[in-house]
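Undergrad: One structure, as structure tokens, below. Some questions next.
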Amino acid sequence: MKRRSFLGALGASATAAALGDDVLQAREPGPSAAKPMKITLLGTGTPAPSLERQGSGYLFEVADDLIVMDHGPGAHHRLLESGHRAVDVGHVFFTHLHYDHCMDYARLVLQRWDQGADRIPDLQVYGPPPLKRMTDLLFAEDGVYGPDIRARIEHRSSVDQFEARGGKAPRKRPAPRVREIKPGDVIEGNKWKVTVGRATHVQPFLECLALRLDGEDGSVCYTGDSGASDEIVALAKGCDMLIHMNHYFSGTAPSPAYRAACGNHRDNAETAKRAGVKTLVLTHLLGQIDQPRIREQIVHEIQQVFEGRVVWGEDLMQLTLAGPVIGKIEGY
Ligand SMILES: [Zn+2]
């Protein structure tokens with residue numbers, strides 16, 4: 001069994017153990033209920049090199065929209081593996097501009113622009129400053145990809161390709177619609193809204209945000225990278241799901257500053273309990289804790305404090321707010 005699927009099974013069984021009969025009572029919504037939100041973990045890693053855990057990225061299928069939150073190195077590859085393409089994504093949110101959360105931004109924008117061939121609306125982009133400047137530095141005429149973009153707009157062979165994809169020359173430049181956001185902002189979508197909160201991470205060098213997504217069938221809070229704080233608890237209050245950085249094993253932080261900036265399992269247990277969420281998804285996992293026995297110990301210790309479900313996140317894990325349903329035992 002592949003490691004990923006094994007750990008997916010581990011997450012499911014840990015969840016089942018946590019829920020007991022509650023799992024058995026879970027039911028898919030009826031025909032009149034809202035379309036269930038679907039969450040795919042695209043990247044659950046850290047800046048440390050890993051082939052199993054890519055840089056931070058999360059995909060939310062809510063109502064008729066595909067929303068990406070963070071797009072670190074490798075997250076776009078996982079997006080393709082999840083069965084989606086850049087042109088399917090309408091909105092991207094960034095919690096902060098650490099490279100492990102935004103390095104695949106250019107890939108998303110350029111691939112979407114190239115394949116979209118002026119036939120899809122511009123990508124809507126939200127995140128903290130200096131996101132506009134980063135976007136200009138990447139895609140403006142004198143930006144990093146300026147010569148590439150010019151070649152694709154002007155060279156005959158590229159125009160031929162553009163027209164073969166359904167585009168009508170002259171071709172427009174990529175024009176992501178960037179809105180810089182701050183704590184307290186609310187972005188209203190079609191049957192969803194995102195509320196912006198403050199993360200506790202590496203300020204003042206980078207603005208760091210946490211994001212709460214409310215859909216018709218429930219709520220999920222993705223805290224970006226953050227240590228524990230009252231503001232995170234307030235933002236996540238009553239959510240069905242909290243996706244939280246669980247960077248390292250509690251008690252091994254090299255300094256108070258490290259603990260304040262990075263989530264660990266005992267602090268996360270308290271946060272999940274105080275916020276009253278139903279499910280805690282652990283992500284942004286260092287190799288230090290991503291080992292047999294250690295991960296089970298962490299889940300066990302969290303469950304001494306927090307009574308809800310705990311999920312050990314894996315790349316490409318798919319989740320719903322309602323949680324899994326245990327099916328019948330089937331023979332061969
Ligand atoms: Zn970070």
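As shown in the structure tokens, the chain order sets the letters A, B, ...; within each chain, residues go from 1, and ligands are also counted from 1 in the order they appear.
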Could you pull out the residues sitting within 9 Å of ligand 1, using only C-alpha atoms and all ligand atoms, and write them as a list in words?
TA: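 Using only C-alpha atoms and all ligand atoms, I find these residues within 9 Å of ligand 1: Thr46, Pro47, Thr95, His96, Leu97, His98, Tyr99, Asp100, His101, His201, Val202, Leu206, Cys208, Gly224, Asp225, Ser226, Ala261 and Cys262 of chain A.
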Undergrad: Restrict the selected residues to N, CA, C and O atoms and save them as a short mmCIF file (atom, residue, chain, number, x, y, z; two decimals), in the first residue's frame.
TA:
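Result file follows (result_30.cif):
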```cif
data_model
loop_
_atom_site.label_atom_id
_atom_site.label_comp_id
_atom_site.auth_asym_id
_atom_site.auth_seq_id
_atom_site.Cartn_x
_atom_site.Cartn_y
_atom_site.Cartn_z
N THR A 46 6.24 21.60 4.72
CA THR A 46 6.92 22.74 5.32
C THR A 46 7.99 23.20 4.32
O THR A 46 8.10 22.63 3.24
N PRO A 47 8.80 24.17 4.67
CA PRO A 47 9.90 24.50 3.75
C PRO A 47 10.92 23.37 3.60
O PRO A 47 11.72 23.39 2.66
N THR A 95 -2.38 33.47 2.65
CA THR A 95 -2.35 33.86 4.05
C THR A 95 -1.14 34.73 4.35
O THR A 95 -1.20 35.65 5.16
N HIS A 96 -0.02 34.40 3.71
CA HIS A 96 1.19 35.20 3.85
C HIS A 96 2.14 34.81 2.72
O HIS A 96 1.91 33.83 2.03
N LEU A 97 3.18 35.60 2.56
CA LEU A 97 4.04 35.43 1.38
C LEU A 97 5.36 34.75 1.71
O LEU A 97 6.37 35.00 1.04
N HIS A 98 5.38 33.87 2.68
CA HIS A 98 6.49 32.92 2.80
C HIS A 98 6.49 32.07 1.54
O HIS A 98 5.43 31.65 1.06
N TYR A 99 7.69 31.74 1.03
CA TYR A 99 7.73 31.08 -0.29
C TYR A 99 7.05 29.72 -0.27
O TYR A 99 6.51 29.28 -1.30
N ASP A 100 7.03 29.05 0.89
CA ASP A 100 6.39 27.72 0.90
C ASP A 100 4.86 27.83 0.83
O ASP A 100 4.16 26.81 0.80
N HIS A 101 4.36 29.06 0.77
CA HIS A 101 2.91 29.28 0.63
C HIS A 101 2.52 29.95 -0.69
O HIS A 101 1.34 30.10 -0.97
N HIS A 201 2.49 34.94 13.49
CA HIS A 201 3.55 34.19 12.81
C HIS A 201 4.84 35.02 12.75
O HIS A 201 5.53 35.07 13.76
N VAL A 202 5.14 35.67 11.65
CA VAL A 202 6.44 36.34 11.54
C VAL A 202 6.29 37.84 11.31
O VAL A 202 7.12 38.47 10.65
N LEU A 206 6.47 39.97 7.71
CA LEU A 206 5.43 39.60 6.75
C LEU A 206 4.08 39.75 7.42
O LEU A 206 3.92 39.35 8.58
N CYS A 208 0.59 38.38 8.18
CA CYS A 208 0.17 36.97 8.22
C CYS A 208 -1.30 36.89 8.60
O CYS A 208 -1.71 37.40 9.66
N GLY A 224 -3.52 29.38 8.15
CA GLY A 224 -2.22 29.71 7.56
C GLY A 224 -1.12 29.15 8.42
O GLY A 224 -1.18 28.00 8.85
N ASP A 225 -0.13 29.94 8.69
CA ASP A 225 0.89 29.55 9.68
C ASP A 225 0.64 30.41 10.91
O ASP A 225 0.61 31.64 10.82
N SER A 226 0.51 29.76 12.06
CA SER A 226 0.22 30.55 13.25
C SER A 226 0.49 29.76 14.51
O SER A 226 0.28 28.54 14.55
N ALA A 261 5.20 31.56 17.08
CA ALA A 261 5.02 31.70 15.63
C ALA A 261 4.53 30.44 14.94
O ALA A 261 4.03 30.50 13.81
N CYS A 262 4.70 29.28 15.60
CA CYS A 262 4.43 28.00 14.93
C CYS A 262 3.57 27.11 15.80
O CYS A 262 3.86 26.91 16.99
#
```
Undergrad: With only C-alpha atoms as the counted atoms, please give the residues lying no more than 9 Å from Leu131 (chain A), apart from itself and same-chain residues fewer than 5 positions off, as number ranges by chain.
TA: A: 94, 97, 125-126, 136, 178-180
Undergrad: Show which residues sit within 8 Å of region 52-60 of chain A, as a PyMOL selection string. Count only C-alpha atoms, and ignore same-chain residues fewer than 6 positions away.
TA: chain A and resi 4+37-46+66-75+78-79+100-101+284+314-315
Undergrad: Using only C-alpha atoms, can you tell me which of A:Arg85, A:Lys182, A:His76, A:His247 comes closest to Asp104 (chain A)?
TA: A:His76
Undergrad: DSSP on the backbone, helix (DSSP H, G or I) only: what residues of region 46-240 of chain A does that give? Format it as a count of residues only.
TA: 60
Undergrad: Taking 5 positions as the minimum chain separation for residues in the same chain, which residues sit within 10 Å of Thr271 (chain A) when counting only C-alpha atoms? Answer as a VMD selection string.
TA: chain A and resid 227 to 230 232 to 234 236 to 237 242 244 263 265 to 266 276 to 277 280 305 to 306
Undergrad: Check the DSSP output for the backbone and give back, as a PyMOL selection string, the residues of region 42-192 of chain A in strand (DSSP E).
TA: chain A and resi 42-43+57-62+65-71+91-93+124-127+177-180+186-188+192
Undergrad: What is the CA of Ala169 (chain A) to CA of His91 (chain A) distance in Å?
TA: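 Those two atoms sit 25.6 Å apart.
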Undergrad: Quick check, in Å to one decimal: how far apart do CA of Gly308 (chain A) and CA of Lys278 (chain A) lie?
TA: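 Between CA of Gly308 (chain A) and CA of Lys278 (chain A) the gap is 5.0 Å.
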Undergrad: Under the rule that only C-alpha atoms are counted, which of A:Ala322, A:Thr200, A:Leu211, A:His155 is the nearest residue to Ala257 (chain A)?
TA: A:Thr200
Undergrad: Which residues are close to Gly218 (chain A), i.e. within 10 Å by only C-alpha atoms, leaving aside same-chain residues fewer than 3 positions away? Reply as a short mmCIF file (atom, residue, chain, number, x, y, z; two decimals) with all heavy atoms, in the first residue's frame.
TA:
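Saved the output as selection.cif:
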```cif
data_model
loop_
_atom_site.label_atom_id
_atom_site.label_comp_id
_atom_site.auth_asym_id
_atom_site.auth_seq_id
_atom_site.Cartn_x
_atom_site.Cartn_y
_atom_site.Cartn_z
N ALA A 34 -27.84 21.86 0.90
CA ALA A 34 -26.82 22.56 0.12
C ALA A 34 -25.78 21.56 -0.38
O ALA A 34 -25.54 20.53 0.23
CB ALA A 34 -26.16 23.60 1.01
N PRO A 36 -22.52 19.83 -0.66
CA PRO A 36 -21.51 19.77 0.38
C PRO A 36 -20.17 20.37 -0.06
O PRO A 36 -19.75 20.17 -1.19
CB PRO A 36 -21.35 18.26 0.66
CG PRO A 36 -22.24 17.55 -0.26
CD PRO A 36 -22.94 18.51 -1.15
N MET A 37 -19.58 21.10 0.85
CA MET A 37 -18.26 21.65 0.58
C MET A 37 -17.24 20.51 0.58
O MET A 37 -17.32 19.61 1.41
CB MET A 37 -17.89 22.67 1.66
CG MET A 37 -16.62 23.44 1.36
SD MET A 37 -16.00 24.41 2.78
CE MET A 37 -17.38 25.46 3.19
N TRP A 192 -20.86 31.80 -0.63
CA TRP A 192 -19.78 31.62 0.33
C TRP A 192 -19.22 32.99 0.70
O TRP A 192 -19.42 33.96 -0.03
CB TRP A 192 -18.67 30.73 -0.22
CG TRP A 192 -18.04 31.16 -1.53
CD1 TRP A 192 -18.38 30.72 -2.77
CD2 TRP A 192 -16.99 32.13 -1.72
NE1 TRP A 192 -17.61 31.35 -3.72
CE2 TRP A 192 -16.74 32.21 -3.11
CE3 TRP A 192 -16.22 32.93 -0.87
CZ2 TRP A 192 -15.76 33.05 -3.67
CZ3 TRP A 192 -15.25 33.77 -1.41
CH2 TRP A 192 -15.03 33.82 -2.80
N LEU A 213 -13.77 30.31 5.95
CA LEU A 213 -14.67 30.17 4.80
C LEU A 213 -16.01 29.63 5.29
O LEU A 213 -16.09 28.54 5.86
CB LEU A 213 -14.05 29.21 3.78
CG LEU A 213 -14.92 28.77 2.60
CD1 LEU A 213 -15.33 29.96 1.74
CD2 LEU A 213 -14.18 27.73 1.75
N ASP A 214 -17.05 30.42 5.07
CA ASP A 214 -18.41 29.99 5.40
C ASP A 214 -19.16 29.67 4.13
O ASP A 214 -19.28 30.52 3.23
CB ASP A 214 -19.16 31.10 6.16
CG ASP A 214 -18.63 31.28 7.57
OD1 ASP A 214 -19.07 30.54 8.46
OD2 ASP A 214 -17.76 32.15 7.77
N GLY A 215 -19.66 28.44 4.03
CA GLY A 215 -20.50 28.04 2.91
C GLY A 215 -21.89 27.73 3.41
O GLY A 215 -22.20 27.92 4.59
N GLY A 238 -16.80 27.88 16.58
CA GLY A 238 -17.96 27.14 16.08
C GLY A 238 -17.80 26.54 14.70
O GLY A 238 -18.77 26.02 14.14
N CYS A 239 -16.60 26.58 14.13
CA CYS A 239 -16.41 26.03 12.78
C CYS A 239 -16.55 24.50 12.80
O CYS A 239 -16.26 23.84 13.79
CB CYS A 239 -15.02 26.37 12.25
SG CYS A 239 -14.92 27.98 11.46
N ASP A 240 -16.97 23.97 11.67
CA ASP A 240 -16.99 22.52 11.53
C ASP A 240 -15.58 21.96 11.47
O ASP A 240 -15.32 20.85 11.93
CB ASP A 240 -17.74 22.14 10.24
CG ASP A 240 -19.19 22.58 10.31
OD1 ASP A 240 -19.99 21.83 10.87
OD2 ASP A 240 -19.50 23.70 9.84
N MET A 241 -14.69 22.73 10.87
CA MET A 241 -13.33 22.23 10.67
C MET A 241 -12.31 23.33 10.89
O MET A 241 -12.52 24.47 10.48
CB MET A 241 -13.20 21.67 9.24
CG MET A 241 -11.85 21.07 8.91
SD MET A 241 -11.83 20.40 7.23
CE MET A 241 -12.92 19.00 7.42
N THR A 320 -14.84 16.20 3.82
CA THR A 320 -16.08 16.97 3.81
C THR A 320 -16.36 17.41 5.24
O THR A 320 -15.82 16.82 6.20
CB THR A 320 -17.28 16.13 3.30
OG1 THR A 320 -17.42 14.99 4.14
CG2 THR A 320 -17.08 15.70 1.86
N LEU A 321 -17.20 18.39 5.38
CA LEU A 321 -17.48 18.89 6.73
C LEU A 321 -18.27 17.86 7.54
O LEU A 321 -18.12 17.78 8.75
CB LEU A 321 -18.26 20.21 6.64
CG LEU A 321 -17.52 21.35 5.93
CD1 LEU A 321 -18.38 22.60 5.89
CD2 LEU A 321 -16.19 21.64 6.62
N ALA A 322 -19.10 17.07 6.86
CA ALA A 322 -19.91 16.09 7.58
C ALA A 322 -19.07 14.93 8.11
O ALA A 322 -19.45 14.28 9.07
CB ALA A 322 -21.00 15.55 6.66
#
```
Undergrad: Please compute the CA of Pro183 (chain A)-CA of Leu209 (chain A) distance, one decimal, in Å.
TA: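 Atom-to-atom, CA of Pro183 (chain A) to CA of Leu209 (chain A), that is 6.9 Å.
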Undergrad: For Val186 (chain A), please output as a list in words all residues within 10 Å (counting only C-alpha atoms; exclusion window: fewer than 4 positions along the same chain).
TA: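 In the requested form, the answer reads Ile181, Lys182, Lys193, Val194, Thr195, Val196, Gly197, Leu211, Arg212 and Leu213 of chain A.
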